[in-house]
Amino acid sequence: MQGPILVTHHGRPRLVVLAAEEFERLSEGLAAAAPAAANGEVISELSRDNFIANMFEGFMFFDADLRVRYANSVAVASAGLDPRELIGKRADSPEFGELGAILAARLRRVSRTGEAVQFESKGIFNPHRYFESKAFPFQGGVGITFSQLTEVLDLRRDSEVSRARSQAVDGLGVVSQLAVNAMGFIEEINGAFRDLVGFSDAHVLGARLVDLVAPPHRHDFGQAMNLVMQGRSEAYAGRVDFLVRERGHVEVKLSAVRQTHNDVCTGLAVACVPA
């Protein structure tokens, strides 16, 4: 292996693979630098350059005229440009798009005040992505690190939308909603489900979902839920009888959808209404 290999996932760096000899050399260099650092001496230039080149975040260095003098592999990948197209360009040049002027203003502020600034913004080279950045004085110019926030913001937005939809459904007082974990035990219920079965939270939470089903339907229903849990069926929709306090049972129309995280089943989202 002649040099480090950068492993990416959907274009985002996740792992750097080094030859064993190179890793050992860098480790020895950092270990040797520790006493010097304790005495106020800086890490060697070689170690610093290796760290910047292989860090997870994107890094760019702008000189006093706000021209790009260095960009690590993450920054180059984010820009989608050949390094030769990037090096020497000013932050407010056409290559940086419409947001370049805003970036240049922030870099000038750091250069003028000597203070670091942290901010969130659309991607300079891809406005459909969002980044968290930090700009700071660096070697007579300004250094900037950035990492992508797109996935975090998407998850935050999806969570807010899901919460709002759930509240809207709960407002009707008709649709029962349950959260069932991967072992089949009920973890959350809404008011509509309490009203439907007539049992308190103490009786329902922690109980197996199939135990609330009338005995004649319990086996078939359990088998159907297992198929959804295992991913052999995307969802379930059908009718089932739930046990109800003081009324025997009630027939409901029920749907269940498999929930996953990192392709691993975490449980079921269940909804039902009286048939």
# chains A, B, ... in the order shown; residues from 1 in each chain; ligands from 1

call {"tool": "residues_around", "arguments": {"residues": "A:Gly238", "least_positions_apart": "3", "cutoff": "7 Å", "atoms": "only C-alpha atoms", "output": "PyMOL selection string"}}
result
chain A and resi 253-255

call {"tool": "select_by_dssp", "arguments": {"residues": "stretch 54-259 of chain A", "states": "helix (DSSP H, G or I)", "output": "VMD selection string"}}
result
chain A and resid 54 73 to 79 83 to 86 94 to 96 100 to 113 150 to 172 191 to 197 201 to 204 209 to 212 215 to 229

call {"tool": "closest_residue", "arguments": {"among": "A:Leu149, A:Glu234, A:Asp220, A:Gly88", "to": "A:Ser121", "atoms": "only C-alpha atoms"}}
result
A:Leu149

call {"tool": "closest_residue", "arguments": {"among": "A:Tyr236, A:Arg157, A:Leu66, A:Phe185", "to": "A:Asp211", "atoms": "only C-alpha atoms"}}
result
A:Phe185

call {"tool": "residues_around", "arguments": {"residues": "stretch 76-79 of chain A", "least_positions_apart": "3", "cutoff": "12 Å", "atoms": "only C-alpha atoms", "output": "PDB file with N, CA and C atoms, in the first residue's frame"}}
result
ATOM      1  N   LEU A   6      -9.074   6.105   1.430  1.00  0.00           N
ATOM      2  CA  LEU A   6     -10.225   6.728   2.071  1.00  0.00           C
ATOM      3  C   LEU A   6     -11.482   5.951   1.684  1.00  0.00           C
ATOM      4  N   THR A   8     -15.477   5.639   1.720  1.00  0.00           N
ATOM      5  CA  THR A   8     -16.613   6.543   1.862  1.00  0.00           C
ATOM      6  C   THR A   8     -17.927   5.776   1.875  1.00  0.00           C
ATOM      7  N   HIS A  10     -21.798   6.760   0.659  1.00  0.00           N
ATOM      8  CA  HIS A  10     -22.597   7.787  -0.006  1.00  0.00           C
ATOM      9  C   HIS A  10     -21.798   9.079  -0.157  1.00  0.00           C
ATOM     10  N   GLY A  11     -20.518   8.929  -0.446  1.00  0.00           N
ATOM     11  CA  GLY A  11     -19.681  10.099  -0.683  1.00  0.00           C
ATOM     12  C   GLY A  11     -19.093  10.718   0.563  1.00  0.00           C
ATOM     13  N   ARG A  12     -19.484  10.238   1.747  1.00  0.00           N
ATOM     14  CA  ARG A  12     -18.976  10.815   2.995  1.00  0.00           C
ATOM     15  C   ARG A  12     -17.879   9.913   3.564  1.00  0.00           C
ATOM     16  N   PRO A  13     -16.701  10.458   3.859  1.00  0.00           N
ATOM     17  CA  PRO A  13     -15.603   9.651   4.398  1.00  0.00           C
ATOM     18  C   PRO A  13     -15.984   9.003   5.720  1.00  0.00           C
ATOM     19  N   ALA A  53      -4.896  15.807   6.568  1.00  0.00           N
ATOM     20  CA  ALA A  53      -5.241  15.108   5.333  1.00  0.00           C
ATOM     21  C   ALA A  53      -6.225  13.970   5.570  1.00  0.00           C
ATOM     22  N   GLU A  57     -13.518  15.539   9.146  1.00  0.00           N
ATOM     23  CA  GLU A  57     -14.122  16.768   8.649  1.00  0.00           C
ATOM     24  C   GLU A  57     -13.399  17.282   7.410  1.00  0.00           C
ATOM     25  N   GLY A  58     -14.120  18.075   6.638  1.00  0.00           N
ATOM     26  CA  GLY A  58     -13.472  18.794   5.555  1.00  0.00           C
ATOM     27  C   GLY A  58     -12.637  19.929   6.133  1.00  0.00           C
ATOM     28  N   PHE A  59     -11.507  20.230   5.495  1.00  0.00           N
ATOM     29  CA  PHE A  59     -10.650  21.316   5.968  1.00  0.00           C
ATOM     30  C   PHE A  59     -10.122  22.082   4.766  1.00  0.00           C
ATOM     31  N   MET A  60     -10.175  23.431   4.868  1.00  0.00           N
ATOM     32  CA  MET A  60      -9.611  24.293   3.837  1.00  0.00           C
ATOM     33  C   MET A  60      -8.833  25.411   4.517  1.00  0.00           C
ATOM     34  N   VAL A  68      -7.689  30.017  -1.653  1.00  0.00           N
ATOM     35  CA  VAL A  68      -7.507  28.654  -1.166  1.00  0.00           C
ATOM     36  C   VAL A  68      -6.061  28.227  -1.376  1.00  0.00           C
ATOM     37  N   TYR A  70      -4.968  25.278   0.537  1.00  0.00           N
ATOM     38  CA  TYR A  70      -4.953  23.844   0.821  1.00  0.00           C
ATOM     39  C   TYR A  70      -6.388  23.375   1.040  1.00  0.00           C
ATOM     40  N   ALA A  71      -6.681  22.165   0.569  1.00  0.00           N
ATOM     41  CA  ALA A  71      -7.971  21.524   0.826  1.00  0.00           C
ATOM     42  C   ALA A  71      -7.720  20.034   0.995  1.00  0.00           C
ATOM     43  N   ASN A  72      -8.204  19.445   2.091  1.00  0.00           N
ATOM     44  CA  ASN A  72      -7.987  18.007   2.265  1.00  0.00           C
ATOM     45  C   ASN A  72      -8.948  17.227   1.378  1.00  0.00           C
ATOM     46  N   SER A  73      -8.836  15.920   1.409  1.00  0.00           N
ATOM     47  CA  SER A  73      -9.602  15.093   0.470  1.00  0.00           C
ATOM     48  C   SER A  73     -11.109  15.220   0.676  1.00  0.00           C
ATOM     49  N   ASP A  82     -11.722  19.365  -9.434  1.00  0.00           N
ATOM     50  CA  ASP A  82     -10.329  18.952  -9.434  1.00  0.00           C
ATOM     51  C   ASP A  82      -9.565  19.908  -8.514  1.00  0.00           C
ATOM     52  N   PRO A  83      -8.664  19.394  -7.671  1.00  0.00           N
ATOM     53  CA  PRO A  83      -7.916  20.284  -6.774  1.00  0.00           C
ATOM     54  C   PRO A  83      -7.274  21.466  -7.495  1.00  0.00           C
ATOM     55  N   ARG A  84      -6.860  21.259  -8.748  1.00  0.00           N
ATOM     56  CA  ARG A  84      -6.237  22.342  -9.502  1.00  0.00           C
ATOM     57  C   ARG A  84      -7.224  23.460  -9.828  1.00  0.00           C
ATOM     58  N   GLU A  85      -8.523  23.121  -9.842  1.00  0.00           N
ATOM     59  CA  GLU A  85      -9.555  24.134 -10.073  1.00  0.00           C
ATOM     60  C   GLU A  85      -9.860  24.922  -8.807  1.00  0.00           C
ATOM     61  N   LEU A  86      -9.467  24.351  -7.663  1.00  0.00           N
ATOM     62  CA  LEU A  86      -9.825  24.957  -6.378  1.00  0.00           C
ATOM     63  C   LEU A  86      -8.693  25.794  -5.801  1.00  0.00           C
ATOM     64  N   ILE A  87      -7.494  25.266  -5.842  1.00  0.00           N
ATOM     65  CA  ILE A  87      -6.360  25.960  -5.244  1.00  0.00           C
ATOM     66  C   ILE A  87      -6.125  27.295  -5.965  1.00  0.00           C
ATOM     67  N   GLU A  95     -16.459  30.031  -8.557  1.00  0.00           N
ATOM     68  CA  GLU A  95     -16.394  28.612  -8.199  1.00  0.00           C
ATOM     69  C   GLU A  95     -17.097  28.320  -6.877  1.00  0.00           C
ATOM     70  N   PHE A  96     -17.213  29.333  -6.015  1.00  0.00           N
ATOM     71  CA  PHE A  96     -17.854  29.145  -4.716  1.00  0.00           C
ATOM     72  C   PHE A  96     -19.344  29.477  -4.754  1.00  0.00           C
ATOM     73  N   GLY A  97     -19.871  29.805  -5.924  1.00  0.00           N
ATOM     74  CA  GLY A  97     -21.301  30.018  -6.080  1.00  0.00           C
ATOM     75  C   GLY A  97     -21.826  31.237  -5.353  1.00  0.00           C
ATOM     76  N   GLY A 123     -24.643  24.104   1.801  1.00  0.00           N
ATOM     77  CA  GLY A 123     -23.353  23.786   1.223  1.00  0.00           C
ATOM     78  C   GLY A 123     -22.947  24.807   0.175  1.00  0.00           C
ATOM     79  N   ILE A 124     -21.688  25.231   0.217  1.00  0.00           N
ATOM     80  CA  ILE A 124     -21.184  26.195  -0.756  1.00  0.00           C
ATOM     81  C   ILE A 124     -21.259  25.612  -2.172  1.00  0.00           C
ATOM     82  N   PHE A 125     -20.848  24.352  -2.300  1.00  0.00           N
ATOM     83  CA  PHE A 125     -20.803  23.734  -3.622  1.00  0.00           C
ATOM     84  C   PHE A 125     -22.066  22.938  -3.935  1.00  0.00           C
ATOM     85  N   ASN A 126     -22.857  22.618  -2.908  1.00  0.00           N
ATOM     86  CA  ASN A 126     -24.107  21.888  -3.105  1.00  0.00           C
ATOM     87  C   ASN A 126     -25.150  22.464  -2.148  1.00  0.00           C
ATOM     88  N   PRO A 127     -25.986  23.402  -2.624  1.00  0.00           N
ATOM     89  CA  PRO A 127     -26.939  24.066  -1.739  1.00  0.00           C
ATOM     90  C   PRO A 127     -28.044  23.160  -1.215  1.00  0.00           C
ATOM     91  N   ARG A 129     -27.402  20.502   0.458  1.00  0.00           N
ATOM     92  CA  ARG A 129     -26.873  19.897   1.676  1.00  0.00           C
ATOM     93  C   ARG A 129     -26.545  20.987   2.698  1.00  0.00           C
ATOM     94  N   TYR A 130     -26.517  20.596   3.965  1.00  0.00           N
ATOM     95  CA  TYR A 130     -26.272  21.543   5.043  1.00  0.00           C
ATOM     96  C   TYR A 130     -25.034  21.118   5.827  1.00  0.00           C
ATOM     97  N   PHE A 131     -24.300  22.123   6.282  1.00  0.00           N
ATOM     98  CA  PHE A 131     -23.037  21.856   6.970  1.00  0.00           C
ATOM     99  C   PHE A 131     -22.922  22.687   8.249  1.00  0.00           C
ATOM    100  N   PHE A 146     -15.452  21.707   8.324  1.00  0.00           N
ATOM    101  CA  PHE A 146     -16.899  21.563   8.165  1.00  0.00           C
ATOM    102  C   PHE A 146     -17.283  20.094   8.106  1.00  0.00           C
ATOM    103  N   SER A 147     -18.470  19.796   8.636  1.00  0.00           N
ATOM    104  CA  SER A 147     -19.020  18.441   8.595  1.00  0.00           C
ATOM    105  C   SER A 147     -20.488  18.538   8.223  1.00  0.00           C
ATOM    106  N   GLN A 148     -20.970  17.510   7.586  1.00  0.00           N
ATOM    107  CA  GLN A 148     -22.307  17.563   7.028  1.00  0.00           C
ATOM    108  C   GLN A 148     -23.383  17.363   8.089  1.00  0.00           C
TER     109      GLN A 148
END

call {"tool": "closest_residue", "arguments": {"among": "A:Gly80, A:Pro274, A:Gly140, A:Gly114", "to": "A:Ala192", "atoms": "only C-alpha atoms"}}
result
A:Pro274

call {"tool": "residues_around", "arguments": {"residues": "A:Leu227", "least_positions_apart": "3", "cutoff": "12 Å", "atoms": "only C-alpha atoms", "output": "list in words"}}
result
Asp220, Phe221, Gly222, Gln223, Ala224, Gln230, Gly231, Arg232, Ser233, Glu234, Ala235, Tyr236, Ala256, Val257, Arg258, Cys265 and Leu268 of chain A

call {"tool": "write_last_selection", "arguments": {"atoms": "N, CA and C atoms", "output": "PDB file, in the first residue's frame"}}
result
ATOM      1  N   ASP A 220     -52.650 -17.232  15.125  1.00  0.00           N
ATOM      2  CA  ASP A 220     -52.526 -16.708  13.766  1.00  0.00           C
ATOM      3  C   ASP A 220     -52.017 -15.267  13.767  1.00  0.00           C
ATOM      4  N   PHE A 221     -52.495 -14.480  14.724  1.00  0.00           N
ATOM      5  CA  PHE A 221     -52.057 -13.091  14.808  1.00  0.00           C
ATOM      6  C   PHE A 221     -50.577 -13.023  15.167  1.00  0.00           C
ATOM      7  N   GLY A 222     -50.135 -13.850  16.117  1.00  0.00           N
ATOM      8  CA  GLY A 222     -48.721 -13.879  16.502  1.00  0.00           C
ATOM      9  C   GLY A 222     -47.831 -14.261  15.337  1.00  0.00           C
ATOM     10  N   GLN A 223     -48.279 -15.230  14.535  1.00  0.00           N
ATOM     11  CA  GLN A 223     -47.512 -15.634  13.360  1.00  0.00           C
ATOM     12  C   GLN A 223     -47.401 -14.491  12.357  1.00  0.00           C
ATOM     13  N   ALA A 224     -48.489 -13.760  12.156  1.00  0.00           N
ATOM     14  CA  ALA A 224     -48.478 -12.631  11.221  1.00  0.00           C
ATOM     15  C   ALA A 224     -47.535 -11.537  11.697  1.00  0.00           C
ATOM     16  N   GLN A 230     -39.714 -10.088  11.077  1.00  0.00           N
ATOM     17  CA  GLN A 230     -38.585 -10.707  10.383  1.00  0.00           C
ATOM     18  C   GLN A 230     -38.336 -10.096   9.010  1.00  0.00           C
ATOM     19  N   GLY A 231     -39.215  -9.194   8.588  1.00  0.00           N
ATOM     20  CA  GLY A 231     -39.043  -8.574   7.283  1.00  0.00           C
ATOM     21  C   GLY A 231     -39.537  -9.431   6.138  1.00  0.00           C
ATOM     22  N   ARG A 232     -40.193 -10.543   6.450  1.00  0.00           N
ATOM     23  CA  ARG A 232     -40.733 -11.410   5.396  1.00  0.00           C
ATOM     24  C   ARG A 232     -42.052 -10.868   4.872  1.00  0.00           C
ATOM     25  N   SER A 233     -42.589  -9.893   5.585  1.00  0.00           N
ATOM     26  CA  SER A 233     -43.781  -9.176   5.138  1.00  0.00           C
ATOM     27  C   SER A 233     -43.587  -7.718   5.501  1.00  0.00           C
ATOM     28  N   GLU A 234     -43.827  -6.810   4.559  1.00  0.00           N
ATOM     29  CA  GLU A 234     -43.586  -5.387   4.805  1.00  0.00           C
ATOM     30  C   GLU A 234     -44.524  -4.809   5.856  1.00  0.00           C
ATOM     31  N   ALA A 235     -45.750  -5.291   5.886  1.00  0.00           N
ATOM     32  CA  ALA A 235     -46.749  -4.759   6.813  1.00  0.00           C
ATOM     33  C   ALA A 235     -47.873  -5.776   6.976  1.00  0.00           C
ATOM     34  N   TYR A 236     -48.757  -5.507   7.921  1.00  0.00           N
ATOM     35  CA  TYR A 236     -49.917  -6.360   8.146  1.00  0.00           C
ATOM     36  C   TYR A 236     -51.151  -5.485   8.216  1.00  0.00           C
ATOM     37  N   ALA A 256     -50.077  -3.015  11.076  1.00  0.00           N
ATOM     38  CA  ALA A 256     -48.787  -3.004  11.772  1.00  0.00           C
ATOM     39  C   ALA A 256     -47.683  -2.851  10.739  1.00  0.00           C
ATOM     40  N   VAL A 257     -46.716  -1.997  11.045  1.00  0.00           N
ATOM     41  CA  VAL A 257     -45.600  -1.729  10.144  1.00  0.00           C
ATOM     42  C   VAL A 257     -44.297  -1.945  10.902  1.00  0.00           C
ATOM     43  N   ARG A 258     -43.359  -2.600  10.250  1.00  0.00           N
ATOM     44  CA  ARG A 258     -42.053  -2.884  10.849  1.00  0.00           C
ATOM     45  C   ARG A 258     -41.232  -1.605  10.943  1.00  0.00           C
ATOM     46  N   CYS A 265     -34.511  -4.670  12.929  1.00  0.00           N
ATOM     47  CA  CYS A 265     -35.871  -4.424  13.408  1.00  0.00           C
ATOM     48  C   CYS A 265     -35.846  -3.974  14.867  1.00  0.00           C
ATOM     49  N   LEU A 268     -42.568  -2.607  16.147  1.00  0.00           N
ATOM     50  CA  LEU A 268     -43.708  -2.387  15.250  1.00  0.00           C
ATOM     51  C   LEU A 268     -44.432  -1.100  15.628  1.00  0.00           C
TER      52      LEU A 268
END

call {"tool": "select_by_dssp", "arguments": {"residues": "stretch 106-135 of chain A", "states": "strand (DSSP E)", "output": "PyMOL selection string"}}
result
chain A and resi 117-122+130-135

call {"tool": "closest_residue", "arguments": {"among": "A:Val7, A:Leu103, A:Cys272, A:Met55", "to": "A:Val175", "atoms": "only C-alpha atoms"}}
result
A:Cys272

call {"tool": "atom_distance", "arguments": {"atom1": "atom CA of A:Asp154", "atom2": "atom CA of A:Leu172"}}
result
27.8 Å

call {"tool": "atom_distance", "arguments": {"atom1": "atom CA of A:Ala116", "atom2": "atom CA of A:Leu153"}}
result
23.8 Å

call {"tool": "closest_residue", "arguments": {"among": "A:Val152, A:Val204, A:Val142, A:Leu81", "to": "A:Val110", "atoms": "only C-alpha atoms"}}
result
A:Val142

call {"tool": "decode", "arguments": {"residues": "stretch 136-261 of chain A", "atoms": "C-alpha atoms", "output": "JSON list (two decimals), in the first residue's frame"}}
result
[["chain", "number", "residue", "atom", "x", "y", "z"],
["A", 136, "PHE", "CA", -10.45, 30.19, 12.90],
["A", 137, "PRO", "CA", -7.09, 31.98, 12.48],
["A", 138, "PHE", "CA", -4.53, 29.65, 10.92],
["A", 139, "GLN", "CA", -0.95, 30.33, 9.77],
["A", 140, "GLY", "CA", -1.53, 33.96, 8.85],
["A", 141, "GLY", "CA", -4.81, 33.22, 7.12],
["A", 142, "VAL", "CA", -8.03, 31.42, 8.02],
["A", 143, "GLY", "CA", -8.69, 27.71, 8.39],
["A", 144, "ILE", "CA", -12.17, 26.28, 8.16],
["A", 145, "THR", "CA", -13.47, 22.84, 9.11],
["A", 146, "PHE", "CA", -16.90, 21.56, 8.16],
["A", 147, "SER", "CA", -19.02, 18.44, 8.60],
["A", 148, "GLN", "CA", -22.31, 17.56, 7.03],
["A", 149, "LEU", "CA", -25.57, 18.09, 8.93],
["A", 150, "THR", "CA", -27.95, 16.98, 6.17],
["A", 151, "GLU", "CA", -28.78, 13.59, 7.68],
["A", 152, "VAL", "CA", -29.21, 15.05, 11.18],
["A", 153, "LEU", "CA", -31.52, 17.80, 9.92],
["A", 154, "ASP", "CA", -33.51, 15.31, 7.83],
["A", 155, "LEU", "CA", -33.98, 13.08, 10.88],
["A", 156, "ARG", "CA", -34.97, 16.08, 13.01],
["A", 157, "ARG", "CA", -37.51, 17.20, 10.41],
["A", 158, "ASP", "CA", -38.93, 13.68, 10.00],
["A", 159, "SER", "CA", -39.26, 13.37, 13.77],
["A", 160, "GLU", "CA", -41.11, 16.68, 14.01],
["A", 161, "VAL", "CA", -43.46, 15.72, 11.16],
["A", 162, "SER", "CA", -44.12, 12.31, 12.73],
["A", 163, "ARG", "CA", -44.84, 13.88, 16.11],
["A", 164, "ALA", "CA", -47.25, 16.39, 14.58],
["A", 165, "ARG", "CA", -49.11, 13.68, 12.64],
["A", 166, "SER", "CA", -49.41, 11.55, 15.76],
["A", 167, "GLN", "CA", -50.84, 14.48, 17.71],
["A", 168, "ALA", "CA", -53.32, 15.18, 14.92],
["A", 169, "VAL", "CA", -54.50, 11.56, 14.94],
["A", 170, "ASP", "CA", -54.72, 11.50, 18.74],
["A", 171, "GLY", "CA", -56.89, 14.62, 18.59],
["A", 172, "LEU", "CA", -59.65, 12.60, 16.90],
["A", 173, "GLY", "CA", -59.78, 10.16, 19.81],
["A", 174, "VAL", "CA", -60.68, 7.33, 17.40],
["A", 175, "VAL", "CA", -57.45, 5.78, 16.11],
["A", 176, "SER", "CA", -55.52, 3.69, 18.63],
["A", 177, "GLN", "CA", -51.74, 3.81, 18.32],
["A", 178, "LEU", "CA", -49.23, 1.46, 19.92],
["A", 179, "ALA", "CA", -45.46, 1.06, 19.89],
["A", 180, "VAL", "CA", -44.32, -2.55, 20.22],
["A", 181, "ASN", "CA", -40.67, -3.48, 20.75],
["A", 182, "ALA", "CA", -38.75, -6.19, 18.90],
["A", 183, "MET", "CA", -39.70, -8.76, 21.57],
["A", 184, "GLY", "CA", -43.40, -8.11, 21.01],
["A", 185, "PHE", "CA", -44.01, -6.14, 24.23],
["A", 186, "ILE", "CA", -46.05, -2.93, 24.26],
["A", 187, "GLU", "CA", -44.00, 0.16, 25.11],
["A", 188, "GLU", "CA", -46.38, 3.02, 24.27],
["A", 189, "ILE", "CA", -50.14, 3.48, 23.87],
["A", 190, "ASN", "CA", -52.36, 6.50, 23.30],
["A", 191, "GLY", "CA", -55.62, 7.52, 24.97],
["A", 192, "ALA", "CA", -57.79, 6.00, 22.24],
["A", 193, "PHE", "CA", -56.36, 2.55, 22.95],
["A", 194, "ARG", "CA", -56.96, 2.93, 26.69],
["A", 195, "ASP", "CA", -60.58, 3.81, 25.96],
["A", 196, "LEU", "CA", -60.90, 0.92, 23.51],
["A", 197, "VAL", "CA", -59.76, -1.88, 25.84],
["A", 198, "GLY", "CA", -60.66, -0.28, 29.17],
["A", 199, "PHE", "CA", -57.40, -1.32, 30.83],
["A", 200, "SER", "CA", -54.99, 1.03, 32.63],
["A", 201, "ASP", "CA", -51.41, 1.65, 31.55],
["A", 202, "ALA", "CA", -50.22, -0.66, 34.34],
["A", 203, "HIS", "CA", -52.09, -3.57, 32.74],
["A", 204, "VAL", "CA", -51.10, -2.82, 29.15],
["A", 205, "LEU", "CA", -47.55, -1.41, 29.13],
["A", 206, "GLY", "CA", -45.04, -4.24, 29.30],
["A", 207, "ALA", "CA", -47.62, -6.81, 28.21],
["A", 208, "ARG", "CA", -47.21, -8.81, 25.02],
["A", 209, "LEU", "CA", -49.42, -7.55, 22.22],
["A", 210, "VAL", "CA", -50.64, -11.07, 21.43],
["A", 211, "ASP", "CA", -51.79, -11.51, 25.03],
["A", 212, "LEU", "CA", -54.41, -8.81, 24.45],
["A", 213, "VAL", "CA", -55.83, -10.74, 21.50],
["A", 214, "ALA", "CA", -58.77, -13.11, 22.00],
["A", 215, "PRO", "CA", -57.44, -16.71, 22.38],
["A", 216, "PRO", "CA", -58.99, -18.08, 19.14],
["A", 217, "HIS", "CA", -57.04, -15.49, 17.08],
["A", 218, "ARG", "CA", -53.88, -15.38, 19.15],
["A", 219, "HIS", "CA", -51.77, -17.95, 17.28],
["A", 220, "ASP", "CA", -52.53, -16.71, 13.77],
["A", 221, "PHE", "CA", -52.06, -13.09, 14.81],
["A", 222, "GLY", "CA", -48.72, -13.88, 16.50],
["A", 223, "GLN", "CA", -47.51, -15.63, 13.36],
["A", 224, "ALA", "CA", -48.48, -12.63, 11.22],
["A", 225, "MET", "CA", -46.62, -10.25, 13.54],
["A", 226, "ASN", "CA", -43.52, -12.46, 13.42],
["A", 227, "LEU", "CA", -43.50, -12.30, 9.63],
["A", 228, "VAL", "CA", -43.52, -8.51, 9.80],
["A", 229, "MET", "CA", -40.82, -8.45, 12.49],
["A", 230, "GLN", "CA", -38.59, -10.71, 10.38],
["A", 231, "GLY", "CA", -39.04, -8.57, 7.28],
["A", 232, "ARG", "CA", -40.73, -11.41, 5.40],
["A", 233, "SER", "CA", -43.78, -9.18, 5.14],
["A", 234, "GLU", "CA", -43.59, -5.39, 4.80],
["A", 235, "ALA", "CA", -46.75, -4.76, 6.81],
["A", 236, "TYR", "CA", -49.92, -6.36, 8.15],
["A", 237, "ALA", "CA", -53.52, -5.27, 7.73],
["A", 238, "GLY", "CA", -56.51, -7.24, 8.93],
["A", 239, "ARG", "CA", -59.16, -7.74, 11.58],
["A", 240, "VAL", "CA", -58.63, -9.09, 15.06],
["A", 241, "ASP", "CA", -60.53, -9.35, 18.33],
["A", 242, "PHE", "CA", -59.01, -7.60, 21.35],
["A", 243, "LEU", "CA", -59.88, -8.53, 24.91],
["A", 244, "VAL", "CA", -61.86, -5.74, 26.56],
["A", 245, "ARG", "CA", -62.50, -5.24, 30.26],
["A", 246, "GLU", "CA", -66.08, -6.07, 31.23],
["A", 247, "ARG", "CA", -67.20, -6.47, 27.60],
["A", 248, "GLY", "CA", -65.48, -9.68, 26.53],
["A", 249, "HIS", "CA", -63.82, -8.56, 23.29],
["A", 250, "VAL", "CA", -64.08, -6.01, 20.48],
["A", 251, "GLU", "CA", -63.31, -6.48, 16.79],
["A", 252, "VAL", "CA", -60.88, -3.97, 15.32],
["A", 253, "LYS", "CA", -59.28, -3.21, 11.98],
["A", 254, "LEU", "CA", -55.54, -3.24, 12.64],
["A", 255, "SER", "CA", -52.39, -2.42, 10.71],
["A", 256, "ALA", "CA", -48.79, -3.00, 11.77],
["A", 257, "VAL", "CA", -45.60, -1.73, 10.14],
["A", 258, "ARG", "CA", -42.05, -2.88, 10.85],
["A", 259, "GLN", "CA", -39.69, -0.25, 12.28],
["A", 260, "THR", "CA", -35.94, -0.53, 11.69],
["A", 261, "HIS", "CA", -32.71, 1.21, 12.60]]
